[in-house]
$ cat model_39.cif   # mmCIF, N, CA and C atoms
data_model
loop_
_atom_site.label_atom_id
_atom_site.label_comp_id
_atom_site.auth_asym_id
_atom_site.auth_seq_id
_atom_site.Cartn_x
_atom_site.Cartn_y
_atom_site.Cartn_z
N MET V 1 -59.10 37.73 -60.66
CA MET V 1 -59.43 36.54 -61.39
C MET V 1 -60.92 36.27 -61.28
N ASP V 2 -61.53 35.99 -62.38
CA ASP V 2 -62.96 35.70 -62.37
C ASP V 2 -63.15 34.19 -62.36
N TYR V 3 -63.23 33.62 -61.18
CA TYR V 3 -63.35 32.18 -61.04
C TYR V 3 -64.69 31.65 -61.51
N LYS V 4 -65.65 32.55 -61.67
CA LYS V 4 -66.98 32.13 -62.12
C LYS V 4 -66.98 31.75 -63.60
N LYS V 5 -66.06 32.32 -64.36
CA LYS V 5 -66.00 32.06 -65.80
C LYS V 5 -64.86 31.12 -66.18
N SER V 6 -64.30 30.46 -65.21
CA SER V 6 -63.17 29.57 -65.45
C SER V 6 -63.60 28.33 -66.21
N LYS V 7 -62.67 27.78 -66.96
CA LYS V 7 -62.92 26.56 -67.71
C LYS V 7 -62.55 25.31 -66.91
N ALA V 8 -62.31 25.49 -65.65
CA ALA V 8 -61.91 24.37 -64.79
C ALA V 8 -63.07 23.39 -64.64
N PRO V 9 -62.76 22.10 -64.64
CA PRO V 9 -63.82 21.10 -64.47
C PRO V 9 -64.37 21.12 -63.04
N VAL V 10 -65.62 20.73 -62.91
CA VAL V 10 -66.26 20.70 -61.59
C VAL V 10 -65.86 19.44 -60.84
N ASN V 11 -65.60 18.36 -61.57
CA ASN V 11 -65.20 17.10 -60.95
C ASN V 11 -63.70 16.90 -61.07
N THR V 12 -63.19 15.96 -60.31
CA THR V 12 -61.78 15.64 -60.34
C THR V 12 -61.40 15.04 -61.69
N VAL V 13 -60.26 15.48 -62.22
CA VAL V 13 -59.78 15.00 -63.51
C VAL V 13 -58.39 14.41 -63.32
N THR V 14 -58.14 13.28 -63.94
CA THR V 14 -56.82 12.68 -63.88
C THR V 14 -55.87 13.47 -64.78
N ARG V 15 -54.73 13.85 -64.25
CA ARG V 15 -53.76 14.66 -64.99
C ARG V 15 -52.49 13.85 -65.22
N ASN V 16 -51.80 14.17 -66.28
CA ASN V 16 -50.51 13.57 -66.55
C ASN V 16 -49.46 14.32 -65.74
N ILE V 17 -48.72 13.62 -64.92
CA ILE V 17 -47.72 14.25 -64.05
C ILE V 17 -46.67 14.99 -64.86
N MET V 18 -46.31 14.45 -65.99
CA MET V 18 -45.27 15.08 -66.81
C MET V 18 -45.73 16.43 -67.35
N ASP V 19 -47.03 16.60 -67.58
CA ASP V 19 -47.54 17.89 -68.03
C ASP V 19 -47.43 18.94 -66.93
N LEU V 20 -47.64 18.51 -65.69
CA LEU V 20 -47.56 19.45 -64.57
C LEU V 20 -46.13 19.89 -64.27
N CYS V 21 -45.17 19.00 -64.45
CA CYS V 21 -43.80 19.36 -64.10
C CYS V 21 -43.01 19.89 -65.30
N GLU V 22 -43.68 20.07 -66.43
CA GLU V 22 -43.02 20.55 -67.63
C GLU V 22 -42.40 21.95 -67.43
N GLU V 23 -43.16 22.84 -66.83
CA GLU V 23 -42.73 24.23 -66.69
C GLU V 23 -41.64 24.42 -65.63
N THR V 24 -41.78 23.72 -64.52
CA THR V 24 -40.83 23.91 -63.41
C THR V 24 -39.70 22.88 -63.42
N GLY V 25 -39.95 21.72 -64.01
CA GLY V 25 -38.96 20.67 -64.01
C GLY V 25 -38.99 19.82 -62.76
N ASN V 26 -39.92 20.10 -61.87
CA ASN V 26 -40.01 19.37 -60.61
C ASN V 26 -41.48 19.28 -60.21
N ILE V 27 -42.00 18.08 -60.07
CA ILE V 27 -43.42 17.89 -59.74
C ILE V 27 -43.76 18.47 -58.38
N TYR V 28 -42.85 18.38 -57.41
CA TYR V 28 -43.12 18.89 -56.07
C TYR V 28 -43.21 20.41 -56.06
N GLU V 29 -42.37 21.05 -56.86
CA GLU V 29 -42.43 22.51 -56.97
C GLU V 29 -43.75 22.93 -57.62
N SER V 30 -44.16 22.20 -58.64
CA SER V 30 -45.43 22.49 -59.31
C SER V 30 -46.61 22.35 -58.35
N VAL V 31 -46.60 21.28 -57.58
CA VAL V 31 -47.68 21.05 -56.62
C VAL V 31 -47.69 22.13 -55.55
N ALA V 32 -46.53 22.57 -55.10
CA ALA V 32 -46.45 23.63 -54.10
C ALA V 32 -47.00 24.94 -54.65
N ILE V 33 -46.71 25.24 -55.90
CA ILE V 33 -47.22 26.46 -56.54
C ILE V 33 -48.73 26.39 -56.65
N ILE V 34 -49.25 25.23 -57.09
CA ILE V 34 -50.70 25.05 -57.23
C ILE V 34 -51.38 25.16 -55.87
N ALA V 35 -50.77 24.59 -54.83
CA ALA V 35 -51.36 24.63 -53.49
C ALA V 35 -51.43 26.06 -52.96
N LYS V 36 -50.38 26.84 -53.18
CA LYS V 36 -50.40 28.23 -52.70
C LYS V 36 -51.45 29.04 -53.44
N ARG V 37 -51.58 28.81 -54.74
CA ARG V 37 -52.60 29.52 -55.52
C ARG V 37 -54.00 29.08 -55.09
N ALA V 38 -54.18 27.80 -54.79
CA ALA V 38 -55.47 27.31 -54.33
C ALA V 38 -55.87 27.97 -53.01
N ASN V 39 -54.91 28.18 -52.13
CA ASN V 39 -55.20 28.87 -50.87
C ASN V 39 -55.65 30.30 -51.12
N GLN V 40 -54.99 30.99 -52.06
CA GLN V 40 -55.37 32.35 -52.41
C GLN V 40 -56.80 32.40 -52.96
N ILE V 41 -57.12 31.46 -53.84
CA ILE V 41 -58.45 31.41 -54.44
C ILE V 41 -59.49 31.11 -53.37
N SER V 42 -59.18 30.20 -52.46
CA SER V 42 -60.10 29.83 -51.39
C SER V 42 -60.43 31.04 -50.51
N VAL V 43 -59.42 31.81 -50.17
CA VAL V 43 -59.64 33.02 -49.35
C VAL V 43 -60.51 34.02 -50.11
N GLN V 44 -60.25 34.18 -51.39
CA GLN V 44 -61.02 35.13 -52.19
C GLN V 44 -62.49 34.70 -52.29
N ILE V 45 -62.74 33.43 -52.52
CA ILE V 45 -64.11 32.93 -52.60
C ILE V 45 -64.82 33.10 -51.26
N LYS V 46 -64.12 32.81 -50.17
CA LYS V 46 -64.71 32.94 -48.83
C LYS V 46 -65.09 34.39 -48.54
N GLU V 47 -64.23 35.33 -48.93
CA GLU V 47 -64.53 36.74 -48.72
C GLU V 47 -65.74 37.17 -49.53
N ASP V 48 -65.81 36.74 -50.79
CA ASP V 48 -66.96 37.08 -51.63
C ASP V 48 -68.26 36.53 -51.06
N LEU V 49 -68.23 35.29 -50.64
CA LEU V 49 -69.43 34.66 -50.08
C LEU V 49 -69.84 35.35 -48.78
N SER V 50 -68.88 35.67 -47.95
CA SER V 50 -69.19 36.34 -46.68
C SER V 50 -69.82 37.71 -46.91
N LYS V 51 -69.32 38.46 -47.90
CA LYS V 51 -69.89 39.77 -48.21
C LYS V 51 -71.33 39.64 -48.67
N LYS V 52 -71.60 38.65 -49.52
CA LYS V 52 -72.96 38.49 -50.03
C LYS V 52 -73.92 38.01 -48.95
N LEU V 53 -73.46 37.12 -48.08
CA LEU V 53 -74.33 36.61 -47.03
C LEU V 53 -74.50 37.62 -45.89
N ALA V 54 -73.58 38.55 -45.74
CA ALA V 54 -73.69 39.56 -44.69
C ALA V 54 -74.90 40.47 -44.91
N GLU V 55 -75.32 40.59 -46.15
CA GLU V 55 -76.49 41.42 -46.45
C GLU V 55 -77.76 40.85 -45.82
N PHE V 56 -77.79 39.53 -45.60
CA PHE V 56 -78.97 38.88 -45.08
C PHE V 56 -78.88 38.61 -43.58
N ALA V 57 -77.83 39.05 -42.95
CA ALA V 57 -77.61 38.75 -41.54
C ALA V 57 -78.66 39.46 -40.68
N SER V 58 -79.20 38.74 -39.74
CA SER V 58 -80.13 39.33 -38.78
C SER V 58 -79.47 39.25 -37.40
N TYR V 59 -79.62 40.28 -36.65
CA TYR V 59 -78.94 40.37 -35.36
C TYR V 59 -79.92 40.18 -34.20
N ASN V 60 -80.74 39.17 -34.30
CA ASN V 60 -81.68 38.86 -33.22
C ASN V 60 -81.00 37.94 -32.21
N ASP V 61 -81.30 38.19 -30.95
CA ASP V 61 -80.72 37.36 -29.90
C ASP V 61 -81.57 36.12 -29.62
N SER V 62 -82.71 36.06 -30.22
CA SER V 62 -83.61 34.94 -29.97
C SER V 62 -83.17 33.72 -30.77
N LEU V 63 -82.95 32.62 -30.08
CA LEU V 63 -82.55 31.38 -30.74
C LEU V 63 -83.76 30.64 -31.29
N GLU V 64 -84.94 31.03 -30.85
CA GLU V 64 -86.16 30.33 -31.26
C GLU V 64 -86.54 30.67 -32.70
N GLU V 65 -86.22 31.85 -33.12
CA GLU V 65 -86.61 32.28 -34.46
C GLU V 65 -85.46 32.04 -35.44
N VAL V 66 -85.70 31.19 -36.41
CA VAL V 66 -84.71 30.94 -37.44
C VAL V 66 -85.37 31.28 -38.78
N PHE V 67 -84.77 32.22 -39.48
CA PHE V 67 -85.33 32.65 -40.75
C PHE V 67 -84.54 32.03 -41.88
N GLU V 68 -85.25 31.44 -42.81
CA GLU V 68 -84.61 30.90 -44.01
C GLU V 68 -84.94 31.83 -45.17
N ASN V 69 -83.95 32.46 -45.70
CA ASN V 69 -84.14 33.37 -46.80
C ASN V 69 -83.84 32.63 -48.11
N ARG V 70 -84.75 32.69 -49.03
CA ARG V 70 -84.62 31.99 -50.31
C ARG V 70 -83.39 32.46 -51.08
N GLU V 71 -83.15 33.76 -51.09
CA GLU V 71 -82.00 34.31 -51.82
C GLU V 71 -80.69 33.83 -51.21
N GLN V 72 -80.66 33.76 -49.91
CA GLN V 72 -79.47 33.30 -49.21
C GLN V 72 -79.17 31.84 -49.55
N ILE V 73 -80.18 31.03 -49.64
CA ILE V 73 -80.00 29.63 -50.00
C ILE V 73 -79.50 29.50 -51.43
N GLU V 74 -80.03 30.31 -52.33
CA GLU V 74 -79.60 30.26 -53.73
C GLU V 74 -78.14 30.68 -53.88
N ILE V 75 -77.72 31.69 -53.13
CA ILE V 75 -76.32 32.12 -53.18
C ILE V 75 -75.41 31.01 -52.67
N SER V 76 -75.80 30.37 -51.59
CA SER V 76 -75.00 29.27 -51.05
C SER V 76 -74.91 28.11 -52.03
N ARG V 77 -76.00 27.78 -52.68
CA ARG V 77 -75.99 26.70 -53.67
C ARG V 77 -75.10 27.04 -54.85
N TYR V 78 -75.14 28.30 -55.27
CA TYR V 78 -74.31 28.72 -56.39
C TYR V 78 -72.83 28.52 -56.07
N TYR V 79 -72.41 28.93 -54.88
CA TYR V 79 -71.01 28.79 -54.49
C TYR V 79 -70.62 27.33 -54.27
N GLU V 80 -71.57 26.50 -53.87
CA GLU V 80 -71.28 25.08 -53.71
C GLU V 80 -71.03 24.40 -55.05
N LYS V 81 -71.65 24.91 -56.11
CA LYS V 81 -71.52 24.31 -57.44
C LYS V 81 -70.26 24.75 -58.17
N LEU V 82 -69.59 25.77 -57.67
CA LEU V 82 -68.35 26.24 -58.30
C LEU V 82 -67.27 25.16 -58.20
N PRO V 83 -66.32 25.15 -59.14
CA PRO V 83 -65.19 24.21 -59.01
C PRO V 83 -64.40 24.50 -57.74
N LYS V 84 -63.81 23.47 -57.18
CA LYS V 84 -63.01 23.63 -55.96
C LYS V 84 -61.76 24.45 -56.26
N PRO V 85 -61.22 25.15 -55.26
CA PRO V 85 -60.04 25.99 -55.47
C PRO V 85 -58.84 25.23 -56.05
N THR V 86 -58.67 23.98 -55.66
CA THR V 86 -57.53 23.21 -56.20
C THR V 86 -57.70 22.98 -57.70
N LEU V 87 -58.92 22.72 -58.14
CA LEU V 87 -59.16 22.53 -59.57
C LEU V 87 -58.96 23.83 -60.34
N LEU V 88 -59.41 24.94 -59.76
CA LEU V 88 -59.20 26.24 -60.39
C LEU V 88 -57.71 26.56 -60.51
N ALA V 89 -56.98 26.32 -59.42
CA ALA V 89 -55.54 26.61 -59.42
C ALA V 89 -54.79 25.73 -60.41
N THR V 90 -55.16 24.47 -60.48
CA THR V 90 -54.51 23.56 -61.43
C THR V 90 -54.77 24.00 -62.86
N GLN V 91 -55.99 24.39 -63.15
CA GLN V 91 -56.32 24.86 -64.50
C GLN V 91 -55.53 26.12 -64.85
N GLU V 92 -55.43 27.05 -63.91
CA GLU V 92 -54.64 28.26 -64.13
C GLU V 92 -53.17 27.92 -64.38
N PHE V 93 -52.63 26.99 -63.62
CA PHE V 93 -51.23 26.61 -63.77
C PHE V 93 -50.99 25.99 -65.14
N ILE V 94 -51.88 25.12 -65.57
CA ILE V 94 -51.73 24.47 -66.89
C ILE V 94 -51.83 25.50 -68.01
N GLU V 95 -52.71 26.49 -67.85
CA GLU V 95 -52.88 27.52 -68.87
C GLU V 95 -51.78 28.57 -68.82
N GLY V 96 -50.91 28.52 -67.82
CA GLY V 96 -49.81 29.48 -67.71
C GLY V 96 -50.22 30.83 -67.16
N LYS V 97 -51.30 30.88 -66.40
CA LYS V 97 -51.81 32.13 -65.85
C LYS V 97 -51.29 32.43 -64.44
N VAL V 98 -50.47 31.53 -63.89
CA VAL V 98 -49.96 31.71 -62.53
C VAL V 98 -48.54 32.26 -62.61
N TYR V 99 -48.32 33.39 -61.92
CA TYR V 99 -46.98 33.96 -61.85
C TYR V 99 -46.32 33.43 -60.58
N TYR V 100 -45.12 32.95 -60.72
CA TYR V 100 -44.36 32.47 -59.56
C TYR V 100 -42.89 32.73 -59.81
N ARG V 101 -42.15 32.77 -58.72
CA ARG V 101 -40.70 32.92 -58.83
C ARG V 101 -40.07 32.30 -57.61
N ASP V 102 -38.80 31.92 -57.75
CA ASP V 102 -38.05 31.33 -56.66
C ASP V 102 -36.92 32.30 -56.31
N PRO V 103 -37.00 32.98 -55.17
CA PRO V 103 -35.97 33.95 -54.81
C PRO V 103 -34.57 33.34 -54.74
N ALA V 104 -34.48 32.08 -54.36
CA ALA V 104 -33.16 31.43 -54.27
C ALA V 104 -32.53 31.31 -55.65
N LYS V 105 -33.31 30.96 -56.64
CA LYS V 105 -32.81 30.86 -58.00
C LYS V 105 -32.50 32.23 -58.57
N ASP V 106 -33.30 33.24 -58.21
CA ASP V 106 -33.04 34.60 -58.68
C ASP V 106 -31.71 35.12 -58.16
N ASN V 107 -31.38 34.83 -56.91
CA ASN V 107 -30.11 35.26 -56.33
C ASN V 107 -28.93 34.59 -57.01
N LEU V 108 -29.09 33.33 -57.40
CA LEU V 108 -28.01 32.60 -58.07
C LEU V 108 -27.74 33.19 -59.45
N THR V 109 -28.77 33.57 -60.19
CA THR V 109 -28.58 34.12 -61.52
C THR V 109 -27.96 35.51 -61.45
N VAL V 110 -28.33 36.29 -60.45
CA VAL V 110 -27.74 37.63 -60.29
C VAL V 110 -26.27 37.51 -59.94
N ALA V 111 -25.93 36.59 -59.06
CA ALA V 111 -24.54 36.39 -58.66
C ALA V 111 -23.71 35.88 -59.82
N ALA V 112 -24.28 35.07 -60.69
CA ALA V 112 -23.55 34.54 -61.84
C ALA V 112 -23.28 35.61 -62.88
N GLU V 113 -24.15 36.60 -62.98
CA GLU V 113 -23.98 37.66 -63.96
C GLU V 113 -22.90 38.66 -63.55
N VAL V 114 -22.66 38.81 -62.26
CA VAL V 114 -21.71 39.81 -61.76
C VAL V 114 -20.33 39.36 -61.99
#
$ encode --input "model_39.cif" --output "structure tokens"
Amino acid sequence: MDYKKSKAPVNTVTRNIMDLCEETGNIYESVAIIAKRANQISVQIKEDLSKKLAEFASYNDSLEEVFENREQIEISRYYEKLPKPTLLATQEFIEGKVYYRDPAKDNLTVAAEV
């Protein structure tokens, strides 16, 4: 997923609860799906940021010397300006880009078919 090109808003947006529970039929299930996806996005963003900042890491033992790298600051600012993972996950859920399934419901449908 390319979270950099997402259409998700940067600020908090008021949503209609009925729109969120339309697909699942249960607002709590929808929120749980969005929360799990937000955790996945958060981990992915953290890994990307860590990889980019690792290039600038200095392994000096001296606490007196602190280097401020301009590129490192710009990368950090860029990631701070991205939409939050919860907003990205909510936008994906509304657009129907999130795949989810309930194993308990899958077992019931298989048993009913037999």
$ atom_distance --input "model_39.cif" --atom1 "atom N of V:Val31" --atom2 "atom CA of V:Glu47"
25.3 Å
$ closest_residue --input "model_39.cif" --among "V:Glu29, V:Asp48, V:Glu95, V:Asp19" --to "V:Tyr79" --atoms "only C-alpha atoms"
V:Asp48
$ atom_distance --input "model_39.cif" --atom1 "atom C of V:Arg37" --atom2 "atom N of V:Leu53"
22.2 Å
$ atom_distance --input "model_39.cif" --atom1 "atom CA of V:Lys5" --atom2 "atom CA of V:Glu71"
21.4 Å
$ select_by_dssp --input "model_39.cif" --residues "stretch 77-109 of chain V" --states "helix (DSSP H, G or I)" --output "number ranges by chain"
V: 77-81, 85-95, 103-109
$ axis_aligned_box --input "model_39.cif" --around "stretch 22-35 of chain V" --padding-each-side "4 Å" --output "JSON"
{"center_x": -45.2, "center_y": 22.2, "center_z": -60.3, "size_x": 20.5, "size_y": 16.6, "size_z": 22.7}
$ residues_around --input "model_39.cif" --residues "V:Ile75" --least-positions-apart "5" --cutoff "8 Å" --atoms "all atoms listed in the file" --output "short mmCIF file (atom, residue, chain, number, x, y, z; two decimals) with N, CA and C atoms, keeping the file's coordinate frame"
data_model
loop_
_atom_site.label_atom_id
_atom_site.label_comp_id
_atom_site.auth_asym_id
_atom_site.auth_seq_id
_atom_site.Cartn_x
_atom_site.Cartn_y
_atom_site.Cartn_z
N LEU V 49 -68.23 35.29 -50.64
CA LEU V 49 -69.43 34.66 -50.08
C LEU V 49 -69.84 35.35 -48.78
N LYS V 52 -71.60 38.65 -49.52
CA LYS V 52 -72.96 38.49 -50.03
C LYS V 52 -73.92 38.01 -48.95
N LEU V 53 -73.46 37.12 -48.08
CA LEU V 53 -74.33 36.61 -47.03
C LEU V 53 -74.50 37.62 -45.89
N ASN V 69 -83.95 32.46 -45.70
CA ASN V 69 -84.14 33.37 -46.80
C ASN V 69 -83.84 32.63 -48.11
N ARG V 70 -84.75 32.69 -49.03
CA ARG V 70 -84.62 31.99 -50.31
C ARG V 70 -83.39 32.46 -51.08
N GLU V 80 -71.57 26.50 -53.87
CA GLU V 80 -71.28 25.08 -53.71
C GLU V 80 -71.03 24.40 -55.05
N LYS V 81 -71.65 24.91 -56.11
CA LYS V 81 -71.52 24.31 -57.44
C LYS V 81 -70.26 24.75 -58.17
#
$ closest_residue --input "model_39.cif" --among "V:Ile73, V:Val13, V:Ala104, V:Ala89" --to "V:Gln40" --atoms "only C-alpha atoms"
V:Ala89
$ residues_around --input "model_39.cif" --residues "V:Lys36" --least-positions-apart "6" --cutoff "12 Å" --atoms "only C-alpha atoms" --output "ChimeraX atom specification"
/V:29-30,42-43,85-86,88-90,93,98-100
$ build_atoms --input "model_39.cif" --residues "stretch 5-16 of chain V" --atoms "all heavy atoms" --output "CSV table (one decimal), in the coordinates of the input"
chain,number,residue,atom,x,y,z
V,5,LYS,N,-66.1,32.3,-64.4
V,5,LYS,CA,-66.0,32.1,-65.8
V,5,LYS,C,-64.9,31.1,-66.2
V,5,LYS,O,-64.5,31.0,-67.3
V,5,LYS,CB,-65.8,33.4,-66.5
V,5,LYS,CG,-67.0,34.3,-66.4
V,5,LYS,CD,-66.8,35.6,-67.1
V,5,LYS,CE,-68.0,36.6,-66.9
V,5,LYS,NZ,-67.7,37.9,-67.5
V,6,SER,N,-64.3,30.5,-65.2
V,6,SER,CA,-63.2,29.6,-65.4
V,6,SER,C,-63.6,28.3,-66.2
V,6,SER,O,-64.7,27.9,-66.1
V,6,SER,CB,-62.6,29.2,-64.1
V,6,SER,OG,-61.5,28.2,-64.3
V,7,LYS,N,-62.7,27.8,-67.0
V,7,LYS,CA,-62.9,26.6,-67.7
V,7,LYS,C,-62.6,25.3,-66.9
V,7,LYS,O,-62.5,24.2,-67.5
V,7,LYS,CB,-62.1,26.6,-69.0
V,7,LYS,CG,-62.5,27.7,-69.9
V,7,LYS,CD,-61.6,27.7,-71.2
V,7,LYS,CE,-61.9,28.9,-72.0
V,7,LYS,NZ,-60.9,29.1,-73.1
V,8,ALA,N,-62.3,25.5,-65.6
V,8,ALA,CA,-61.9,24.4,-64.8
V,8,ALA,C,-63.1,23.4,-64.6
V,8,ALA,O,-64.2,23.8,-64.5
V,8,ALA,CB,-61.5,24.9,-63.4
V,9,PRO,N,-62.8,22.1,-64.6
V,9,PRO,CA,-63.8,21.1,-64.5
V,9,PRO,C,-64.4,21.1,-63.0
V,9,PRO,O,-63.7,21.5,-62.1
V,9,PRO,CB,-63.1,19.8,-64.7
V,9,PRO,CG,-61.7,20.1,-64.4
V,9,PRO,CD,-61.4,21.5,-64.8
V,10,VAL,N,-65.6,20.7,-62.9
V,10,VAL,CA,-66.3,20.7,-61.6
V,10,VAL,C,-65.9,19.4,-60.8
V,10,VAL,O,-65.8,19.4,-59.6
V,10,VAL,CB,-67.8,20.8,-61.7
V,10,VAL,CG1,-68.5,20.7,-60.4
V,10,VAL,CG2,-68.2,22.1,-62.5
V,11,ASN,N,-65.6,18.4,-61.6
V,11,ASN,CA,-65.2,17.1,-61.0
V,11,ASN,C,-63.7,16.9,-61.1
V,11,ASN,O,-63.0,17.6,-61.9
V,11,ASN,CB,-65.9,15.9,-61.6
V,11,ASN,CG,-67.4,16.0,-61.4
V,11,ASN,OD1,-67.9,16.4,-60.4
V,11,ASN,ND2,-68.1,15.5,-62.4
V,12,THR,N,-63.2,16.0,-60.3
V,12,THR,CA,-61.8,15.6,-60.3
V,12,THR,C,-61.4,15.0,-61.7
V,12,THR,O,-62.1,14.2,-62.2
V,12,THR,CB,-61.4,14.7,-59.2
V,12,THR,OG1,-61.9,15.2,-58.0
V,12,THR,CG2,-59.9,14.4,-59.2
V,13,VAL,N,-60.3,15.5,-62.2
V,13,VAL,CA,-59.8,15.0,-63.5
V,13,VAL,C,-58.4,14.4,-63.3
V,13,VAL,O,-57.6,15.0,-62.6
V,13,VAL,CB,-59.7,16.2,-64.5
V,13,VAL,CG1,-59.1,15.7,-65.8
V,13,VAL,CG2,-61.1,16.8,-64.7
V,14,THR,N,-58.1,13.3,-63.9
V,14,THR,CA,-56.8,12.7,-63.9
V,14,THR,C,-55.9,13.5,-64.8
V,14,THR,O,-56.2,13.7,-65.9
V,14,THR,CB,-56.9,11.2,-64.4
V,14,THR,OG1,-57.8,10.5,-63.6
V,14,THR,CG2,-55.5,10.6,-64.2
V,15,ARG,N,-54.7,13.8,-64.2
V,15,ARG,CA,-53.8,14.7,-65.0
V,15,ARG,C,-52.5,13.8,-65.2
V,15,ARG,O,-52.1,13.0,-64.4
V,15,ARG,CB,-53.4,15.9,-64.2
V,15,ARG,CG,-54.6,16.7,-63.8
V,15,ARG,CD,-54.8,17.8,-64.7
V,15,ARG,NE,-55.9,18.7,-64.2
V,15,ARG,CZ,-56.6,19.4,-64.9
V,15,ARG,NH1,-56.4,19.5,-66.2
V,15,ARG,NH2,-57.6,20.1,-64.4
V,16,ASN,N,-51.8,14.2,-66.3
V,16,ASN,CA,-50.5,13.6,-66.6
V,16,ASN,C,-49.5,14.3,-65.7
V,16,ASN,O,-49.3,15.5,-65.8
V,16,ASN,CB,-50.2,13.7,-68.0
V,16,ASN,CG,-48.9,12.9,-68.4
V,16,ASN,OD1,-48.2,12.4,-67.5
V,16,ASN,ND2,-48.6,12.9,-69.7
